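Trainee: Attaching a single structure in structure tokens format; questions to follow.
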Amino acid sequence: MQQSKWGKWGVFAFCAVWFVLTLFPLYWTLVTSFKPVLFVTSGPTYIPWVDFEPTLKPWLDAFSGDRGDFVATFLNSVWISVSASVIAMIFGSMAAYALVRFEFRVRVLAGVIFALVAVGTYVGLTQIKVGEVYAMAVAFPAALLVSILVNRLPLPGPVMKNNDVVFWFISNRMMPPIVSAFALYMLYSKIGREGFKLLDTYWGLTICYTAFSLPLVVWLMRDFFQSLPVEVEEAALVDDVPRFRIFLEIVIPMARPGLIAVSLITLGFVWNEFLFALILTTGDWQTLPILLSGQNSYRGDEWWAIAVAVMIAMTPMVVITIFLGRMMRSGLMLGSIR
Amino acid sequence: MKDRSKYLFIWPAVLVVLLVTLFPLVYTLNLSFQYVRLIPPLPPRYVGVDNYAKLLEQARFWGVIGNTSTLVFISVGLQYILGLGIAMALHSKVPGERLFRVTFLLPMLLTPIAVALVWKQIFNSQFGPLNELFTAFGYPNPPFLTQINWTYGSLITVEIWQWTPFVILMMLAGLQSLPQDIYEAARLENASNWQIFWTITFPMLLPVSVAVIFIRIVEAFKIIDTVFIMTGGGPGIATETLTLFAYQEGLKKFNLGYTSAISFLFLIFIIVFGTLYMALLKPQLEKRH
Amino acid sequence: MRKLFTGFAVATTLALASTSAYAQCKPQAGMPDYSGVTLTVGSQVGPFIASAMKMGGDDWSKMTCGKVNIVEFPFGELYPKYVTAFAAGEDAFDVITFAPAWTPDLAPFLSDMPAKMRQTEAWMDIHPTYRDRLMMWEGKHKSQTIDGDLHTLHYRIDLFEDPKEQAAFKQKYGRELLVPRTWEEYYQVAEFFHRPDQGLYGVTEAFARGGQQFWFFFTHAAAYTNHPDNPGAMFFDPETMDAQVNNPGWVRALENYKRSLALAPPGALNFSSGDTRQQFAGGKTSMNFDWGDTGTVGTDPEQSQIAGSVGSDLTPGSYEIWNHKTKKWDRFTRVVYSPFMAFNGWQAAVPSTSKNTDAAWHYIETTTNIKNSGIQVITGGSGVNPYRYSHFDSAVWEKKMTPREAQEYLVAQRDSLGADNVALDMRLPFYFDYTEVLEIELTKALAGQVSAQEALDAVAEQWNELTDQFGREKQLAAYRASMGL
């Protein structure tokens, strides 16, 4: 866009103000993490060596293990958020793409039948003393199979289309997660008693995060795929290129800015999630947000310790932002060449 | 298009989501018709729609919905306006754009708990830096977190600070995937920037905008950490939000039937809202195609 | 990436080191052999309490070859963590540390303390208020106190003993400037020192919802409602279980509590107990009352600007106490002190789901024995306050405080605990239902939305409803048990 000189300066000033607003709290946290206790509780100070004498003590405290095990928790967070985001991005982009390029028709009646078969089979099986987990393991696929078959029949009643499917995805993120987290704990606990441990394990948390990230990915990626021109793909289809190759070799590269933006959002969501991590882990797979929140103990807000924890939790995200930000730019270059 | 491979594309996602969310959904629905106290254990009993009826006549529930809506709609509205503006500024290659771009995203990637803790300190009426700023302008010790209007201002500030980056990121990605040729054509016709924005940019960004605003609203309605840490729902219960209310009922009192009813009422509320929102915007979206 | 590898290397080395230590381990003479046992201990994120549990764990490992794994959660989330595990029947914890207020809710899931733990010298050393009252539920010993907690008053010696201040005070009020013995005196002194223009404020208390607010209010209320002739009648009528919380004694307490807010630093409405400690240690207020931590924080030159000047005493008492039976104020000839056992001190217990109950109780016994708890009490940041007679030996304290500070601190702690009219904190099943109502109404009253009487009437009405809902008989029996009746 062309701009007058004044317009250009106005835009720059606007960005500069926002820059300061964005950075100040982060800068404040950084300096606070080096402040001796006395300086925190006696009014604001801003610059080390100028208005206060910095100390390393809060950092040493954090790594001494007295305030919780930062190293192990950090690694847990890394493994879980990377795996959950990657799986969610793959499955989610695939689904989002399908929802843009194909037409799906789900009969409401099939959904009702799914619910009836699932609940019926489950109740029936538990009545004849089949374990709850096994009953679920039978009822769920049975109901799925029946409803898929039913969906093919020309049944009466309303039909749900792609938009409704997308809405179904996103509706999974709408409920306050309090009871869901508790319910998931109960489910995991029951499965655990049948020998497959999910509570406080890598898989337990990863599956949960994948499932709750997928709606985000589907919802956001769909818009990016929608804005892509369909002509290139059509040309490839004429040449009989399989769908999967079209998706991987044509669609994904074109949607790169969107993919990167959504990965960043997903990663941020998983990295920072609190409630599920709290409920579903005990000692082995605790994640950073739990430890961070624990720094705010009932003994009062110990700002220096909180600041250290915030810095530790933030660093990998900063690195990833810088890295992905670069990739987003090169994605843009690619787009303009096209 | 008819293509069998479409199922291959969609089923993995559907299965994972179903596996994890189906049980909690059914469990919650079932609980919402019961009176359940876990601790100390009381035998659960079915009470029909009592939980729902009790909620709907409870002033606190409506208060909580009101508080949450106020916070959500004001902050999401401002986030969108600011976010779009900043995204366009970045897209127009403002000087320092590379630095701005990375920096502007950071707040979004912080744990809400951390954000709340940091801002609580900044809003400290005595030791905080903002107090110093206000004092310099002759207004010492403003009641940032203890007087109702100030409190809303503070909470909305934090929400905007943390989540405008989300809008920036999505709008920027949207702007980057817009075709350049339309702009060139418009420029050839000597259209002003203002005209270009309203006739090209804004309408073309509408689908992304609609999606971004909706997801922000859905996520923002679940706000808990910021409020819990900064005000504890106070002053009085003026800033108590829906999830905070559900948290108290569910994970403190373990009044699970009642909490399930809260969850479902909220789900219904937001589905109705979402359907209306989509219905209202549909004509706008379809104009484009 | 290198960071990750270093992390791994460290973790692996540690794991190797601990397994090799385990291979060579032999239990000390006379100690049981718990080789191969690993106890999972639930605690809040350190250092408070968790570091004490860890320190006890190290000692226990040396003695018995067992291992201890401390699992830490934010304080606010401990209760839901325990409850979910118990409700699902998960064997997630061998030892839990918790607030005594949760005892009634958790007791059905806890094992009894082994009888042999109660026949030792170390047992008799525990102060009876803890030993015979707080560690028991429904006639059984369910938990071990690992920390003593009560509110004491703290004041600035440098201000109170400044001759200029003393003279000015005398001129203004016609009496000597002394540590307040009643709440009326407390407010007189607070008003005298309340000088916002000089950055000095009268008092500081916790007023934030979820910030230990109601314990501060209870300390006010204890002075007016804990009648020596009607033991255990502070919160409920122990005959009928009718809520007492809106009687004139409580209303006066709430009016006082609001008065404190006016004499506190700006933003106090959002203070938790931790903030009041920082305010006092930062030299911002002339007095505060708090748990023992103000004493340890305030006297530590690294955290405090008033180290060397921290005086301690009992929280103020009253000449008048409301008698709920006669519905009259009873006047006493001397000040009656009703020190309030706010929070009642952390407890440790063993869930019945644990597969290692013997080892777990043995670990608790070791962690809280005279030697270990003696070290914890004087370690700053352990969060452990005195609960044994042996903790009141002033020699060890003088390493941390000036002799006068140590003396006053210990006397205040010991005399509060031993006071004839000591007031116990509320312990009831469905605890959070009761306190939530209270917190909401208190917060409204503090924000000026309702009057003190209106707020407390609302609390009483809702408390009575809750009692009926949960079964009046059961709640009454539980309440009487908690008050030792």
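The way I read the labels, and the way they are meant: chains A, B, ... in the order of the structure tokens, residue 1 as the first residue of every chain, and ligand 1 as the first ligand shown, with later ones counted on from there.
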Which polymer residues have any atom within 12 Å of an atom of Thr333 (chain C), counting only C-alpha atoms, with same-chain residues fewer than 6 positions away left out, as a VMD selection string?
Mentor: chain C and resid 318 to 321
Trainee: May I have the selected residues written with N, CA and C atoms, as a PDB file, in the first residue's frame?
Mentor:
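Below is the file that was written, selection-v3.pdb:
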```
ATOM      1  N   SER C 318     -10.497  -9.004  75.130  1.00  0.00           N
ATOM      2  CA  SER C 318     -11.640  -8.132  75.357  1.00  0.00           C
ATOM      3  C   SER C 318     -12.121  -8.237  76.799  1.00  0.00           C
ATOM      4  N   TYR C 319     -12.702  -7.140  77.314  1.00  0.00           N
ATOM      5  CA  TYR C 319     -13.357  -7.198  78.621  1.00  0.00           C
ATOM      6  C   TYR C 319     -14.767  -7.762  78.495  1.00  0.00           C
ATOM      7  N   GLU C 320     -15.289  -7.631  77.280  1.00  0.00           N
ATOM      8  CA  GLU C 320     -16.688  -8.022  77.080  1.00  0.00           C
ATOM      9  C   GLU C 320     -16.770  -9.195  76.117  1.00  0.00           C
ATOM     10  N   ILE C 321     -17.578 -10.184  76.459  1.00  0.00           N
ATOM     11  CA  ILE C 321     -17.776 -11.298  75.525  1.00  0.00           C
ATOM     12  C   ILE C 321     -19.264 -11.582  75.439  1.00  0.00           C
TER      13      ILE C 321
END
```
Trainee: Quick one: which chain A residues come within 10 Å of chain C, and what is the nearest atom pair for each with the distance in Å to one decimal, counting only C-alpha atoms, rows ordered by chain and ascending number, as JSON lines?
Mentor:
```
{"residue": "A:Pro36", "atom": "CA", "partner": "C:Glu302", "partner_atom": "CA", "distance": 8.1}
{"residue": "A:Val37", "atom": "CA", "partner": "C:Gln303", "partner_atom": "CA", "distance": 5.6}
{"residue": "A:Leu38", "atom": "CA", "partner": "C:Gln303", "partner_atom": "CA", "distance": 5.4}
{"residue": "A:Phe39", "atom": "CA", "partner": "C:Gln303", "partner_atom": "CA", "distance": 9.1}
{"residue": "A:Val40", "atom": "CA", "partner": "C:Gln278", "partner_atom": "CA", "distance": 9.5}
{"residue": "A:Thr41", "atom": "CA", "partner": "C:Gly282", "partner_atom": "CA", "distance": 6.3}
{"residue": "A:Ser42", "atom": "CA", "partner": "C:Gly282", "partner_atom": "CA", "distance": 6.4}
{"residue": "A:Gly43", "atom": "CA", "partner": "C:Gly282", "partner_atom": "CA", "distance": 9.8}
{"residue": "A:Asp61", "atom": "CA", "partner": "C:Pro47", "partner_atom": "CA", "distance": 9.5}
{"residue": "A:Gly65", "atom": "CA", "partner": "C:Gly46", "partner_atom": "CA", "distance": 8.6}
{"residue": "A:Asp66", "atom": "CA", "partner": "C:Pro47", "partner_atom": "CA", "distance": 5.3}
{"residue": "A:Arg67", "atom": "CA", "partner": "C:Gly46", "partner_atom": "CA", "distance": 4.5}
{"residue": "A:Gly68", "atom": "CA", "partner": "C:Val45", "partner_atom": "CA", "distance": 6.1}
{"residue": "A:Asp69", "atom": "CA", "partner": "C:Glu72", "partner_atom": "CA", "distance": 9.0}
{"residue": "A:Val71", "atom": "CA", "partner": "C:Gly7", "partner_atom": "CA", "distance": 6.7}
{"residue": "A:Ala72", "atom": "CA", "partner": "C:Gly7", "partner_atom": "CA", "distance": 7.9}
{"residue": "A:Phe74", "atom": "CA", "partner": "C:Leu4", "partner_atom": "CA", "distance": 9.5}
{"residue": "A:Leu75", "atom": "CA", "partner": "C:Leu4", "partner_atom": "CA", "distance": 7.5}
{"residue": "A:Val78", "atom": "CA", "partner": "C:Leu4", "partner_atom": "CA", "distance": 9.7}
{"residue": "A:Phe182", "atom": "CA", "partner": "C:Thr84", "partner_atom": "CA", "distance": 7.4}
{"residue": "A:Ala183", "atom": "CA", "partner": "C:Thr84", "partner_atom": "CA", "distance": 9.9}
{"residue": "A:Tyr185", "atom": "CA", "partner": "C:Thr84", "partner_atom": "CA", "distance": 7.8}
{"residue": "A:Met186", "atom": "CA", "partner": "C:Ala88", "partner_atom": "CA", "distance": 6.2}
{"residue": "A:Leu187", "atom": "CA", "partner": "C:Ala88", "partner_atom": "CA", "distance": 9.4}
{"residue": "A:Tyr188", "atom": "CA", "partner": "C:Ala88", "partner_atom": "CA", "distance": 9.8}
{"residue": "A:Ser189", "atom": "CA", "partner": "C:Ala88", "partner_atom": "CA", "distance": 6.7}
{"residue": "A:Lys190", "atom": "CA", "partner": "C:Ala88", "partner_atom": "CA", "distance": 8.2}
{"residue": "A:Gly192", "atom": "CA", "partner": "C:Glu90", "partner_atom": "CA", "distance": 9.4}
{"residue": "A:Arg193", "atom": "CA", "partner": "C:Glu90", "partner_atom": "CA", "distance": 9.0}
{"residue": "A:Leu199", "atom": "CA", "partner": "C:Glu90", "partner_atom": "CA", "distance": 9.7}
{"residue": "A:Asp200", "atom": "CA", "partner": "C:Ala92", "partner_atom": "CA", "distance": 9.7}
{"residue": "A:Leu275", "atom": "CA", "partner": "C:Glu77", "partner_atom": "CA", "distance": 9.8}
{"residue": "A:Leu278", "atom": "CA", "partner": "C:Lys81", "partner_atom": "CA", "distance": 7.8}
{"residue": "A:Ile279", "atom": "CA", "partner": "C:Lys81", "partner_atom": "CA", "distance": 6.6}
{"residue": "A:Leu280", "atom": "CA", "partner": "C:Lys81", "partner_atom": "CA", "distance": 9.3}
{"residue": "A:Thr281", "atom": "CA", "partner": "C:Lys81", "partner_atom": "CA", "distance": 9.4}
{"residue": "A:Thr282", "atom": "CA", "partner": "C:Val71", "partner_atom": "CA", "distance": 6.9}
{"residue": "A:Gly283", "atom": "CA", "partner": "C:Val71", "partner_atom": "CA", "distance": 5.2}
{"residue": "A:Asp284", "atom": "CA", "partner": "C:Val71", "partner_atom": "CA", "distance": 8.7}
{"residue": "A:Gln286", "atom": "CA", "partner": "C:Val71", "partner_atom": "CA", "distance": 9.2}
{"residue": "A:Ile290", "atom": "CA", "partner": "C:Phe73", "partner_atom": "CA", "distance": 6.8}
{"residue": "A:Leu291", "atom": "CA", "partner": "C:Phe73", "partner_atom": "CA", "distance": 7.1}
{"residue": "A:Leu292", "atom": "CA", "partner": "C:Pro74", "partner_atom": "CA", "distance": 8.5}
{"residue": "A:Ser293", "atom": "CA", "partner": "C:Pro74", "partner_atom": "CA", "distance": 6.1}
{"residue": "A:Gly294", "atom": "CA", "partner": "C:Pro74", "partner_atom": "CA", "distance": 3.9}
{"residue": "A:Gln295", "atom": "CA", "partner": "C:Val45", "partner_atom": "CA", "distance": 6.9}
{"residue": "A:Asn296", "atom": "CA", "partner": "C:Pro74", "partner_atom": "CA", "distance": 7.6}
{"residue": "A:Ser297", "atom": "CA", "partner": "C:Phe75", "partner_atom": "CA", "distance": 6.1}
{"residue": "A:Tyr298", "atom": "CA", "partner": "C:Phe75", "partner_atom": "CA", "distance": 6.4}
{"residue": "A:Arg299", "atom": "CA", "partner": "C:Gly274", "partner_atom": "CA", "distance": 4.8}
{"residue": "A:Gly300", "atom": "CA", "partner": "C:Gly274", "partner_atom": "CA", "distance": 3.3}
{"residue": "A:Asp301", "atom": "CA", "partner": "C:Gly274", "partner_atom": "CA", "distance": 6.4}
{"residue": "A:Glu302", "atom": "CA", "partner": "C:Gly274", "partner_atom": "CA", "distance": 8.3}
```
Trainee: Applying 12 Å and only C-alpha atoms, which residues near region 45-57 of chain A remain after dropping the ones on its own chain fewer than 4 positions away? List them as an NGL selection string.
Mentor: (:A and (24-25 or 27-41 or 61-64 or 304-305 or 308)) or (:B and (122 or 127-130 or 132)) or (:C and (302))
Trainee: Would you mind exporting C-alpha atoms of the selected residues as a CSV table (one decimal), in the first residue's frame?
Mentor:
```csv
chain,number,residue,atom,x,y,z
A,24,PHE,CA,7.4,-3.6,29.5
A,25,PRO,CA,5.8,-6.4,31.5
A,27,TYR,CA,11.2,-6.5,30.9
A,28,TRP,CA,9.8,-5.9,34.4
A,29,THR,CA,9.6,-9.7,35.0
A,30,LEU,CA,13.2,-10.1,33.8
A,31,VAL,CA,14.6,-7.5,36.2
A,32,THR,CA,12.4,-8.7,39.0
A,33,SER,CA,14.0,-12.1,38.7
A,34,PHE,CA,17.3,-10.5,39.7
A,35,LYS,CA,16.0,-8.4,42.5
A,36,PRO,CA,16.9,-9.0,46.1
A,37,VAL,CA,13.8,-9.5,48.3
A,38,LEU,CA,14.2,-6.1,50.0
A,39,PHE,CA,14.0,-4.2,46.7
A,40,VAL,CA,10.8,-5.9,45.6
A,41,THR,CA,8.9,-4.8,48.6
A,61,ASP,CA,16.9,-21.2,44.5
A,62,ALA,CA,14.9,-22.3,41.5
A,63,PHE,CA,17.6,-24.7,40.3
A,64,SER,CA,18.3,-26.0,43.8
A,304,TRP,CA,11.2,-12.9,42.7
A,305,ALA,CA,10.5,-16.6,42.5
A,308,VAL,CA,12.2,-16.7,37.6
B,122,ILE,CA,2.3,-4.0,37.9
B,127,PHE,CA,4.9,-0.9,44.9
B,128,GLY,CA,3.9,-1.2,41.3
B,129,PRO,CA,5.4,0.8,38.4
B,130,LEU,CA,1.9,2.0,37.2
B,132,GLU,CA,4.4,5.5,40.2
C,302,GLU,CA,17.7,-10.2,54.1
```
Trainee: Using backbone DSSP assignments, extract all helix (DSSP H, G or I) residues from region 87-181 of chain C; output them as a PyMOL selection string.
Mentor: chain C and resi 87-88+100-109+115-119+121-125+128-134+157-160+163-173
Trainee: Tell me, as a PDB file with N, CA and C atoms, in the first residue's frame, which residues lie within 6 Å of region 27-42 of chain B, counting only C-alpha atoms; anything in the same chain fewer than 2 positions away does not count.
Mentor:
```
ATOM      1  N   PHE B  23     -16.769 -39.692  26.458  1.00  0.00           N
ATOM      2  CA  PHE B  23     -17.062 -40.137  27.819  1.00  0.00           C
ATOM      3  C   PHE B  23     -17.338 -38.954  28.758  1.00  0.00           C
ATOM      4  N   PRO B  24     -16.440 -37.950  28.780  1.00  0.00           N
ATOM      5  CA  PRO B  24     -16.734 -36.814  29.644  1.00  0.00           C
ATOM      6  C   PRO B  24     -18.090 -36.165  29.357  1.00  0.00           C
ATOM      7  N   LEU B  25     -18.464 -36.121  28.080  1.00  0.00           N
ATOM      8  CA  LEU B  25     -19.726 -35.487  27.727  1.00  0.00           C
ATOM      9  C   LEU B  25     -20.908 -36.253  28.314  1.00  0.00           C
ATOM     10  N   PRO B  44     -25.303 -40.884  45.471  1.00  0.00           N
ATOM     11  CA  PRO B  44     -25.906 -39.984  44.500  1.00  0.00           C
ATOM     12  C   PRO B  44     -27.372 -40.337  44.278  1.00  0.00           C
ATOM     13  N   ARG B  45     -28.181 -39.322  44.012  1.00  0.00           N
ATOM     14  CA  ARG B  45     -29.576 -39.616  43.658  1.00  0.00           C
ATOM     15  C   ARG B  45     -30.007 -38.710  42.520  1.00  0.00           C
ATOM     16  N   TYR B  46     -30.943 -39.250  41.707  1.00  0.00           N
ATOM     17  CA  TYR B  46     -31.430 -38.472  40.564  1.00  0.00           C
ATOM     18  C   TYR B  46     -32.423 -37.425  41.037  1.00  0.00           C
ATOM     19  N   VAL B  47     -32.256 -36.207  40.534  1.00  0.00           N
ATOM     20  CA  VAL B  47     -33.138 -35.132  40.972  1.00  0.00           C
ATOM     21  C   VAL B  47     -33.813 -34.464  39.784  1.00  0.00           C
ATOM     22  N   GLY B  48     -33.816 -35.118  38.635  1.00  0.00           N
ATOM     23  CA  GLY B  48     -34.455 -34.521  37.460  1.00  0.00           C
ATOM     24  C   GLY B  48     -33.754 -33.238  37.054  1.00  0.00           C
ATOM     25  N   VAL B  49     -34.528 -32.205  36.749  1.00  0.00           N
ATOM     26  CA  VAL B  49     -33.916 -30.959  36.278  1.00  0.00           C
ATOM     27  C   VAL B  49     -33.706 -29.967  37.422  1.00  0.00           C
ATOM     28  N   PHE B 254     -16.843 -30.017  45.266  1.00  0.00           N
ATOM     29  CA  PHE B 254     -17.132 -31.282  44.605  1.00  0.00           C
ATOM     30  C   PHE B 254     -18.637 -31.540  44.553  1.00  0.00           C
ATOM     31  N   ASN B 255     -19.350 -30.453  44.273  1.00  0.00           N
ATOM     32  CA  ASN B 255     -20.788 -30.513  44.074  1.00  0.00           C
ATOM     33  C   ASN B 255     -20.985 -30.801  42.590  1.00  0.00           C
ATOM     34  N   LEU B 256     -20.738 -32.052  42.201  1.00  0.00           N
ATOM     35  CA  LEU B 256     -20.531 -32.335  40.779  1.00  0.00           C
ATOM     36  C   LEU B 256     -21.785 -32.228  39.932  1.00  0.00           C
ATOM     37  N   GLY B 257     -22.937 -32.608  40.497  1.00  0.00           N
ATOM     38  CA  GLY B 257     -24.162 -32.518  39.717  1.00  0.00           C
ATOM     39  C   GLY B 257     -24.429 -31.087  39.300  1.00  0.00           C
ATOM     40  N   SER B 260     -21.976 -29.836  36.724  1.00  0.00           N
ATOM     41  CA  SER B 260     -22.289 -30.354  35.400  1.00  0.00           C
ATOM     42  C   SER B 260     -23.413 -29.545  34.773  1.00  0.00           C
ATOM     43  N   ALA B 261     -24.398 -29.196  35.583  1.00  0.00           N
ATOM     44  CA  ALA B 261     -25.495 -28.388  35.062  1.00  0.00           C
ATOM     45  C   ALA B 261     -24.978 -27.032  34.598  1.00  0.00           C
TER      46      ALA B 261
ATOM     47  N   ASP C 105     -13.620 -33.943  56.017  1.00  0.00           N
ATOM     48  CA  ASP C 105     -13.917 -34.419  54.664  1.00  0.00           C
ATOM     49  C   ASP C 105     -13.060 -35.624  54.293  1.00  0.00           C
TER      50      ASP C 105
END
```
Trainee: Could you list, as a ChimeraX atom specification, every residue of chain B that has an atom within 7 Å of an atom of chain A, counting only C-alpha atoms?
Mentor: /B:1,6,9-10,12-13,16-17,20,24,27-28,86,89,92,94-95,100,102,104,106,109-111,113-114,118,126-129,161,169-170,173,176,207-208,211,218,222,243,246-247,250,259-260,263,266-267
Trainee: Going by DSSP on the backbone, which residues of region 2-188 of chain B come out as strand (DSSP E)? List them as a ChimeraX atom specification.
Mentor: /B:34-35,45-46
Trainee: When you get a sec, could you note down which chain B residues fall within 7 Å of chain C, using only C-alpha atoms, as a list of chain:residue names?
Mentor: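 So the contacting residues turn out to be B:Leu38, B:Ile39, B:Pro40, B:Ser125, B:Gln126, B:Asn141, B:Pro143, B:Thr146, B:Thr231, B:Gly232, B:Pro235, B:Gly236, B:Ile237, B:Leu251, B:Lys252, B:Lys253.
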Trainee: When you look at Ser394 (chain C) with a cut-off of 9 Å (counting only C-alpha atoms), what residues show up, excluding the ones that are within fewer than 2 positions of it in the same chain? I need them as a ChimeraX atom specification.
Mentor: /C:391-392,396-398,403,406-407,410
